[in-house]
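Source file: run_3.txt; contents: compact mmCIF, C-alpha atoms.
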# COMPACT_ATOMS: atom_id res chain seq x y z
CA MET A 34 0.00 0.00 0.00
CA GLN A 35 1.44 3.40 -1.02
CA VAL A 36 1.40 6.09 1.73
CA GLU A 37 2.23 9.72 0.95
CA ALA A 38 4.77 11.55 3.08
CA GLY A 39 3.55 14.28 5.43
CA THR A 40 3.78 15.65 8.94
CA VAL A 41 1.88 14.26 11.90
CA PRO A 42 2.36 16.88 14.67
CA ASP A 43 0.26 15.13 17.32
CA ALA A 44 2.26 11.85 17.19
CA THR A 45 4.83 11.17 19.94
CA SER A 46 7.40 8.38 20.18
CA GLU A 47 5.54 6.91 23.13
CA ASP A 48 2.34 6.63 21.11
CA LEU A 49 4.02 4.80 18.20
CA VAL A 50 4.17 1.01 17.95
CA PRO A 51 6.30 -1.18 15.62
CA ARG A 52 4.89 -3.20 12.76
CA ARG A 53 3.27 -6.39 13.95
CA GLY A 54 5.36 -9.49 13.28
CA SER A 55 8.42 -7.59 12.04
CA THR A 56 11.90 -7.83 13.60
CA SER A 57 13.55 -5.10 11.49
CA LEU A 58 15.79 -2.56 13.23
CA ALA A 59 13.82 0.19 11.48
CA TRP A 60 11.11 0.15 14.13
CA LYS A 61 13.52 1.64 16.70
CA TRP A 62 13.03 4.96 14.89
CA PHE A 63 9.67 4.45 13.17
CA GLY A 64 6.23 3.23 14.12
CA PHE A 65 2.46 3.51 13.76
CA GLU A 66 -0.14 5.29 15.84
CA LYS A 67 -2.03 2.96 18.14
CA THR A 68 -5.26 4.10 16.53
CA ASP A 69 -3.91 3.06 13.10
CA VAL A 70 -5.28 -0.49 13.33
CA GLY A 71 -4.36 -1.36 9.75
CA GLN A 72 -0.85 0.08 10.24
CA ASN A 73 -1.00 2.04 7.02
CA THR A 74 0.92 5.22 7.90
CA VAL A 75 4.56 4.96 9.04
CA ILE A 76 5.72 7.87 11.24
CA CYS A 77 9.26 8.88 12.07
CA LYS A 78 9.76 9.11 15.85
CA ILE A 79 12.38 11.85 15.43
CA CYS A 80 10.77 14.39 13.10
CA ARG A 81 7.15 13.18 13.33
CA LYS A 82 6.87 12.90 9.55
CA ALA A 83 4.82 10.26 7.72
CA ILE A 84 7.06 8.25 5.42
CA ALA A 85 5.86 6.83 2.14
CA VAL A 86 6.35 3.07 2.10
CA LYS A 87 5.29 0.30 -0.23
CA GLN A 88 3.87 -2.85 1.35
CA ASN A 89 6.34 -4.21 3.95
CA SER A 90 9.47 -2.59 2.48
CA THR A 91 11.79 -0.69 4.83
CA THR A 92 14.02 0.80 2.11
CA ASN A 93 12.44 4.25 2.28
CA LEU A 94 12.71 4.24 6.06
CA PHE A 95 16.49 3.76 6.08
CA HIS A 96 16.81 6.26 3.23
CA HIS A 97 14.95 8.80 5.41
CA LEU A 98 17.37 8.12 8.28
CA ARG A 99 20.45 8.49 6.09
CA THR A 100 19.19 11.75 4.53
CA ASN A 101 17.67 13.49 7.53
CA HIS A 102 19.07 11.88 10.67
CA SER A 103 22.73 10.98 10.15
CA LYS A 104 23.41 10.32 13.84
CA GLU A 105 20.59 7.76 14.09
CA TYR A 106 21.66 6.22 10.80
CA GLU A 107 25.19 5.68 12.16
CA GLU A 108 23.62 4.00 15.19
CA TYR A 109 21.63 1.76 12.86
CA GLU A 110 24.79 0.71 10.96
CA LYS A 111 26.53 -0.26 14.21
CA LEU A 112 23.54 -2.32 15.33
CA ARG A 113 23.35 -3.98 11.92
CA ASP A 114 27.07 -4.92 11.93
CA SER A 115 26.84 -6.20 15.49
CA ALA A 116 23.84 -8.40 14.66
CA ALA A 117 25.70 -9.83 11.66
CA GLN A 118 28.68 -10.77 13.81
CA ASP A 119 26.51 -12.45 16.44
CA LYS A 120 24.73 -14.58 13.83
CA PRO A 121 26.05 -18.18 14.01
CA SER A 122 27.92 -19.25 10.92
CA ARG A 123 27.29 -22.51 9.10
CA PRO A 124 29.60 -25.33 10.11
CA ALA A 125 32.20 -26.08 7.50
CA VAL A 126 31.60 -29.22 5.50
CA GLN A 127 34.29 -31.70 6.24
CA HIS A 128 35.53 -33.64 3.26
CA THR A 129 37.26 -36.87 4.09
CA GLN A 130 39.45 -38.52 1.54
CA GLN A 131 38.39 -42.01 0.54
CA THR A 132 40.72 -44.87 1.05
CA LEU A 133 42.05 -46.76 -1.92
CA ALA A 134 39.91 -49.78 -1.03
CA GLU A 135 36.75 -47.62 -0.84
CA SER A 136 37.48 -46.06 -4.22
CA PHE A 137 37.87 -49.44 -5.88
CA SER A 138 34.79 -50.88 -4.15
CA ARG A 139 32.61 -48.19 -5.71
CA LYS A 140 33.65 -49.33 -9.18
CA VAL A 141 33.62 -53.09 -8.72
CA PRO A 142 30.37 -54.62 -10.13
CA TYR A 143 28.10 -56.59 -7.83
CA ASP A 144 28.49 -60.33 -7.80
CA ARG A 145 25.42 -62.00 -9.32
CA LYS A 146 24.96 -64.02 -6.16
CA SER A 147 24.91 -60.92 -3.95
CA GLN A 148 21.63 -59.85 -2.39
CA ARG A 149 21.85 -56.36 -3.86
CA TRP A 150 22.18 -57.65 -7.45
CA GLN A 151 19.30 -60.08 -6.97
CA ASP A 152 17.03 -57.41 -5.44
CA ILE A 153 17.55 -55.01 -8.36
CA THR A 154 17.08 -57.78 -10.94
CA ASN A 155 13.88 -58.98 -9.26
CA ALA A 156 12.55 -55.41 -9.22
CA ILE A 157 13.22 -55.02 -12.97
CA THR A 158 11.59 -58.39 -13.66
CA LYS A 159 8.46 -57.42 -11.75
CA PHE A 160 8.42 -54.04 -13.51
CA ILE A 161 8.49 -55.70 -16.94
CA ALA A 162 5.79 -58.22 -15.99
CA LYS A 163 3.41 -55.78 -14.27
CA GLU A 164 3.66 -53.10 -16.96
CA MET A 165 3.72 -55.68 -19.82
CA LEU A 166 6.82 -54.16 -21.36
CA PRO A 167 8.99 -55.70 -24.09
CA MET A 168 12.07 -57.48 -22.77
CA GLN A 169 14.32 -55.61 -25.19
CA LEU A 170 13.87 -52.68 -22.80
CA VAL A 171 16.78 -53.98 -20.67
CA GLU A 172 19.18 -53.62 -23.59
CA GLY A 173 18.12 -50.04 -24.37
CA LYS A 174 20.84 -47.41 -24.03
CA SER A 175 18.70 -44.99 -22.01
CA PHE A 176 17.60 -47.72 -19.60
CA ILE A 177 21.21 -48.77 -18.97
CA GLU A 178 22.19 -45.12 -18.41
CA LEU A 179 19.36 -44.80 -15.88
CA LEU A 180 20.61 -47.83 -13.95
CA ASN A 181 24.17 -46.47 -13.99
CA VAL A 182 22.95 -43.26 -12.36
CA LEU A 183 20.98 -45.15 -9.72
CA ASP A 184 23.69 -47.70 -8.95
CA ALA A 185 26.86 -47.80 -11.03
CA ARG A 186 27.87 -51.16 -9.59
CA TYR A 187 24.84 -52.96 -11.00
CA THR A 188 25.24 -54.70 -14.36
CA VAL A 189 21.94 -55.45 -16.06
CA PRO A 190 21.71 -58.94 -17.61
CA SER A 191 20.60 -59.57 -21.19
CA ARG A 192 16.99 -59.97 -22.26
CA LYS A 193 17.63 -63.70 -22.75
CA TYR A 194 18.27 -63.95 -19.02
CA PHE A 195 14.96 -62.23 -18.26
CA SER A 196 12.97 -64.33 -20.74
CA GLY A 197 14.59 -67.66 -19.90
CA THR A 198 15.30 -67.31 -16.17
CA ALA A 199 14.00 -64.24 -14.35
CA LEU A 200 10.46 -64.12 -15.74
CA THR A 201 10.13 -67.90 -15.59
CA THR A 202 11.13 -67.91 -11.93
CA LEU A 203 8.71 -65.07 -11.16
CA TYR A 204 5.89 -66.91 -12.99
CA ASP A 205 6.50 -70.16 -11.11
CA LYS A 206 6.60 -68.33 -7.78
CA THR A 207 3.43 -66.35 -8.53
CA ARG A 208 1.56 -69.39 -9.87
CA LYS A 209 2.42 -71.40 -6.78
CA ALA A 210 1.12 -68.63 -4.50
CA VAL A 211 -2.12 -68.16 -6.49
CA MET A 212 -2.76 -71.91 -6.74
CA SER A 213 -2.28 -72.28 -3.00
CA GLU A 214 -4.91 -69.59 -2.44
CA VAL A 215 -7.56 -70.70 -4.94
CA GLN A 216 -7.39 -74.34 -3.80
CA GLU A 217 -8.65 -73.22 -0.39
CA VAL A 218 -11.77 -71.67 -1.96
CA LYS A 219 -14.97 -73.69 -1.55
CA HIS A 220 -17.00 -71.93 -4.26
CA PHE A 221 -15.92 -69.74 -7.14
CA ALA A 222 -17.08 -68.24 -10.42
CA THR A 223 -15.11 -67.89 -13.65
CA THR A 224 -14.94 -65.74 -16.75
CA THR A 225 -13.65 -66.84 -20.14
CA ASP A 226 -13.17 -65.24 -23.51
CA LEU A 227 -11.66 -65.97 -26.90
CA TRP A 228 -9.70 -63.15 -28.46
CA SER A 229 -7.01 -62.45 -31.03
CA SER A 230 -3.72 -60.61 -30.66
CA ARG A 231 -2.57 -57.85 -33.00
CA THR A 232 -0.96 -60.53 -35.14
CA SER A 233 -4.28 -62.42 -35.31
CA GLU A 234 -3.11 -65.24 -33.02
CA PRO A 235 -5.98 -66.82 -31.05
CA TYR A 236 -5.97 -67.08 -27.25
CA LEU A 237 -8.31 -68.50 -24.60
CA SER A 238 -8.35 -66.76 -21.23
CA LEU A 239 -9.65 -67.95 -17.85
CA THR A 240 -10.29 -65.71 -14.84
CA VAL A 241 -11.46 -66.86 -11.41
CA HIS A 242 -13.54 -64.81 -8.95
CA PHE A 243 -14.21 -65.60 -5.30
CA ILE A 244 -14.79 -64.05 -1.88
CA ASP A 245 -12.02 -64.66 0.64
CA GLU A 246 -12.31 -65.15 4.38
CA SER A 247 -12.29 -61.37 4.92
CA TRP A 248 -15.32 -61.03 2.60
CA LYS A 249 -13.31 -59.28 -0.07
CA LEU A 250 -13.89 -59.99 -3.75
CA ARG A 251 -10.74 -61.44 -5.32
CA SER A 252 -10.07 -61.99 -9.01
CA TYR A 253 -7.14 -63.68 -10.75
CA CYS A 254 -6.55 -64.08 -14.45
CA LEU A 255 -5.23 -67.62 -14.20
CA GLN A 256 -4.06 -68.01 -17.76
CA THR A 257 -4.21 -66.72 -21.30
CA SER A 258 -3.34 -69.74 -23.42
CA TYR A 259 -2.50 -69.99 -27.08
CA PHE A 260 -5.49 -71.74 -28.69
CA PRO A 261 -4.75 -72.56 -32.35
CA ASP A 262 -7.31 -75.38 -32.63
CA ALA A 263 -10.60 -74.98 -34.49
CA HIS A 264 -12.98 -72.90 -32.39
CA THR A 265 -15.83 -75.37 -32.32
CA GLY A 266 -18.00 -75.89 -29.27
CA GLU A 267 -16.52 -79.36 -28.62
CA ILE A 268 -12.88 -78.19 -28.73
CA ILE A 269 -13.57 -75.09 -26.61
CA ALA A 270 -15.34 -77.31 -24.05
CA LEU A 271 -12.25 -79.51 -23.79
CA GLY A 272 -9.98 -76.46 -23.57
CA LEU A 273 -11.97 -75.03 -20.65
CA LYS A 274 -11.92 -78.38 -18.82
CA ASP A 275 -8.14 -78.58 -19.24
CA ALA A 276 -7.76 -75.01 -17.97
CA LEU A 277 -9.67 -75.79 -14.75
CA ALA A 278 -7.77 -79.04 -14.28
CA SER A 279 -4.38 -77.33 -14.68
CA TRP A 280 -5.22 -75.21 -11.63
CA SER A 281 -6.71 -78.14 -9.69
CA LEU A 282 -10.12 -76.46 -9.65
CA SER A 283 -13.17 -78.71 -9.35
CA GLU A 284 -16.07 -78.25 -11.77
CA GLN A 285 -18.49 -79.04 -8.93
CA ASP A 286 -17.24 -76.01 -6.95
CA MET A 287 -17.78 -73.61 -9.87
CA VAL A 288 -20.99 -71.62 -9.40
CA CYS A 289 -21.15 -70.28 -12.96
CA MET A 290 -19.07 -69.07 -15.88
CA THR A 291 -19.58 -65.67 -17.49
CA THR A 292 -19.15 -65.52 -21.28
CA ASP A 293 -20.20 -63.48 -24.28
CA SER A 294 -22.99 -64.60 -26.59
CA GLY A 295 -20.78 -66.38 -29.12
CA ALA A 296 -22.56 -69.49 -30.39
CA ASN A 297 -19.45 -71.68 -30.05
CA VAL A 298 -18.81 -70.61 -26.45
CA VAL A 299 -22.48 -71.07 -25.51
CA SER A 300 -22.34 -74.52 -27.07
CA ALA A 301 -19.14 -75.37 -25.13
CA LEU A 302 -20.78 -74.63 -21.78
CA ARG A 303 -23.83 -76.63 -22.76
CA ILE A 304 -21.59 -79.60 -23.61
CA ASN A 305 -19.82 -79.33 -20.24
CA ASP A 306 -23.16 -78.90 -18.49
CA TRP A 307 -21.94 -75.72 -16.77
CA LYS A 308 -24.18 -72.87 -15.67
CA ARG A 309 -23.63 -69.85 -17.91
CA LEU A 310 -24.06 -66.21 -16.90
CA PRO A 311 -24.28 -63.88 -19.94
CA CYS A 312 -21.89 -60.94 -19.93
CA PHE A 313 -23.78 -57.70 -19.23
CA GLY A 314 -21.25 -55.57 -21.11
CA HIS A 315 -21.57 -57.74 -24.22
CA ARG A 316 -25.36 -57.65 -24.02
CA LEU A 317 -25.27 -53.88 -23.71
CA HIS A 318 -22.93 -53.64 -26.71
CA ILE A 319 -25.33 -55.71 -28.84
CA ALA A 320 -28.30 -53.59 -27.73
CA ILE A 321 -26.53 -50.37 -28.69
CA GLU A 322 -25.36 -51.82 -31.99
CA ARG A 323 -28.88 -52.89 -32.92
CA SER A 324 -30.38 -49.57 -31.88
CA MET A 325 -27.91 -47.76 -34.16
CA ARG A 326 -29.05 -49.58 -37.29
CA ASP A 327 -30.15 -47.02 -39.81
CA ALA A 328 -30.40 -47.33 -43.58
CA ARG A 329 -28.68 -43.97 -43.91
CA ILE A 330 -25.46 -45.23 -42.31
CA ASP A 331 -25.58 -48.95 -43.12
CA ARG A 332 -23.49 -48.47 -46.25
CA ALA A 333 -20.82 -46.49 -44.38
CA ILE A 334 -20.61 -49.16 -41.67
CA GLY A 335 -20.38 -51.88 -44.32
CA VAL A 336 -17.48 -50.10 -46.01
CA CYS A 337 -15.66 -49.77 -42.66
CA LYS A 338 -16.08 -53.49 -41.99
CA LYS A 339 -14.61 -54.32 -45.40
CA VAL A 340 -11.61 -52.07 -44.69
CA VAL A 341 -11.02 -53.86 -41.39
CA ALA A 342 -11.39 -57.25 -43.05
CA ALA A 343 -8.80 -56.28 -45.67
CA PHE A 344 -6.12 -55.81 -42.98
CA SER A 345 -7.20 -58.57 -40.59
CA ASN A 346 -6.51 -62.14 -41.61
CA SER A 347 -7.89 -65.22 -39.91
CA TRP A 348 -5.39 -67.13 -37.73
CA ASN A 349 -5.99 -70.38 -39.61
CA LEU A 350 -5.39 -69.09 -43.14
Spit out the file's structure as structure tokens when you get a sec.
Amino acid sequence: MQVEAGTVPDATSEDLVPRRGSTSLAWKWFGFEKTDVGQNTVICKICRKAIAVKQNSTTNLFHHLRTNHSKEYEEYEKLRDSAAQDKPSRPAVQHTQQTLAESFSRKVPYDRKSQRWQDITNAITKFIAKEMLPMQLVEGKSFIELLNVLDARYTVPSRKYFSGTALTTLYDKTRKAVMSEVQEVKHFATTTDLWSSRTSEPYLSLTVHFIDESWKLRSYCLQTSYFPDAHTGEIIALGLKDALASWSLSEQDMVCMTTDSGANVVSALRINDWKRLPCFGHRLHIAIERSMRDARIDRAIGVCKKVVAAFSNSWNL
């Protein structure tokens, strides 16, 4: 707030108070009237003049002292220098020279049997698996530079190690833990679906759902298996039976299986004599698709389907 300079004849040094919350030395010679609740007008205690100030700045106050009250300004400089000398200085940082053994130890790579190397490798393996990243990531220049910054002693193994050893070990460990948990479940439901990858390779997935002892809903995608056989109801029925058996899950404990409305999948569940629960999302998709049928856009949709078919080949061709 800008305050214009002026004279306040009725102000005395006893009536003036310093700025609230300020520890500046300026308030030894300046202050505000007690009636000035907002503390807007700064008054010099020596000449009773109002000093123009901007916000909480004290620059104009010390300029007023230096120009008009040299004796008080000299006193201010002494107080300022004394306060600076009394201020505790920062302790000097002590630099200790490393021993020769310590210097070499910082450059020696970790042994692959060391706990540190195994912990970092396991973390990278889990990162690749959880984020579904390509294994060639570990051979990327930027990734190696990142690891060198984090820990220069760690040497990242090749992607063959991750694909043949690290990920296999993680899968076996995770499968054992999941199987141990699902085998304790008395009743469960499942979900299955047939789908194709970007390269048109067919897969059959199986997901289990159950409520644990804490009454929390748990779901595990048990497997997504390559399924190159003909997608007939009989073959899909056998594939689903094999999937349950591979996880030691009993058909009698399965409450139901949720699927889409594909005729071959519906037929497979009928062959296995399993209770089927139609997928709500798939039903909703069909309802929306049918409601959108309009002669005015049928041709455009047909053209789009032909374009898709031109770039998408069947897996068995």
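Atom CA of A:Ala343 is found 24.3 Å from atom CA of A:Thr265.
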- Message: What does the structure give for the distance between atom CA of A:Ser258 and atom CA of A:Tyr194, in Å to one decimal?
- Response: 22.8 Å
- Which residues come within 7 Å of A:Tyr187, counting only C-alpha atoms, excluding same-chain residues fewer than 6 positions away, as a VMD selection string? chain A and resid 142 to 143 150
Those selected residues, please, written with C-alpha atoms and delivered as a compact mmCIF listing (two decimals), in the frame of the given file.
# COMPACT_ATOMS: atom_id res chain seq x y z
CA PRO A 142 30.37 -54.62 -10.13
CA TYR A 143 28.10 -56.59 -7.83
CA TRP A 150 22.18 -57.65 -7.45
- Item | Interatomic distance, atom CA of A:Arg186 to atom CA of A:Met165 (Å, one decimal) |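 These two atoms are separated by 26.6 Å.
Minimum atom-to-atom distances from A:Asn297, A:Thr158, A:Thr225, A:Gln216 to A:Pro190 were compared using only C-alpha atoms, and the lowest value belongs to A:Thr158.
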- Item | Pick from A:Leu282, A:Cys77, A:Met290, A:Ala328 nearest to A:Val50, counting only C-alpha atoms | A:Cys77
- Message: Show me, as a ChimeraX atom specification, the residues that have an atom within 12 Å of stretch 218-224 of chain A when counting all atoms listed in the file, minus same-chain residues fewer than 2 positions from it.
- Response: /A:211-216,226-227,237-246,250-257,273,276-277,281-293,298,302,307-312
- Task: Could you tell me which of A:Ala116, A:Ile84, A:Ile153, A:Ala210 comes closest to A:Leu98 if we count all atoms listed in the file?
- Result: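 With all atoms listed in the file as the atom set, the closest residue is A:Ile84.
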- Message: Report as a ChimeraX atom specification all protein, DNA and RNA residues lying within 12 Å of A:Glu178, evaluated on all atoms listed in the file, omitting residues in the same chain fewer than 5 positions from it.
- Response: /A:171-173,183-185,187-189
- Message: So, with all atoms listed in the file as the atoms that count, which of A:Gln148, A:Leu58, A:Ala199, A:Lys339 lies closest to A:Thr92?
- Response: A:Leu58
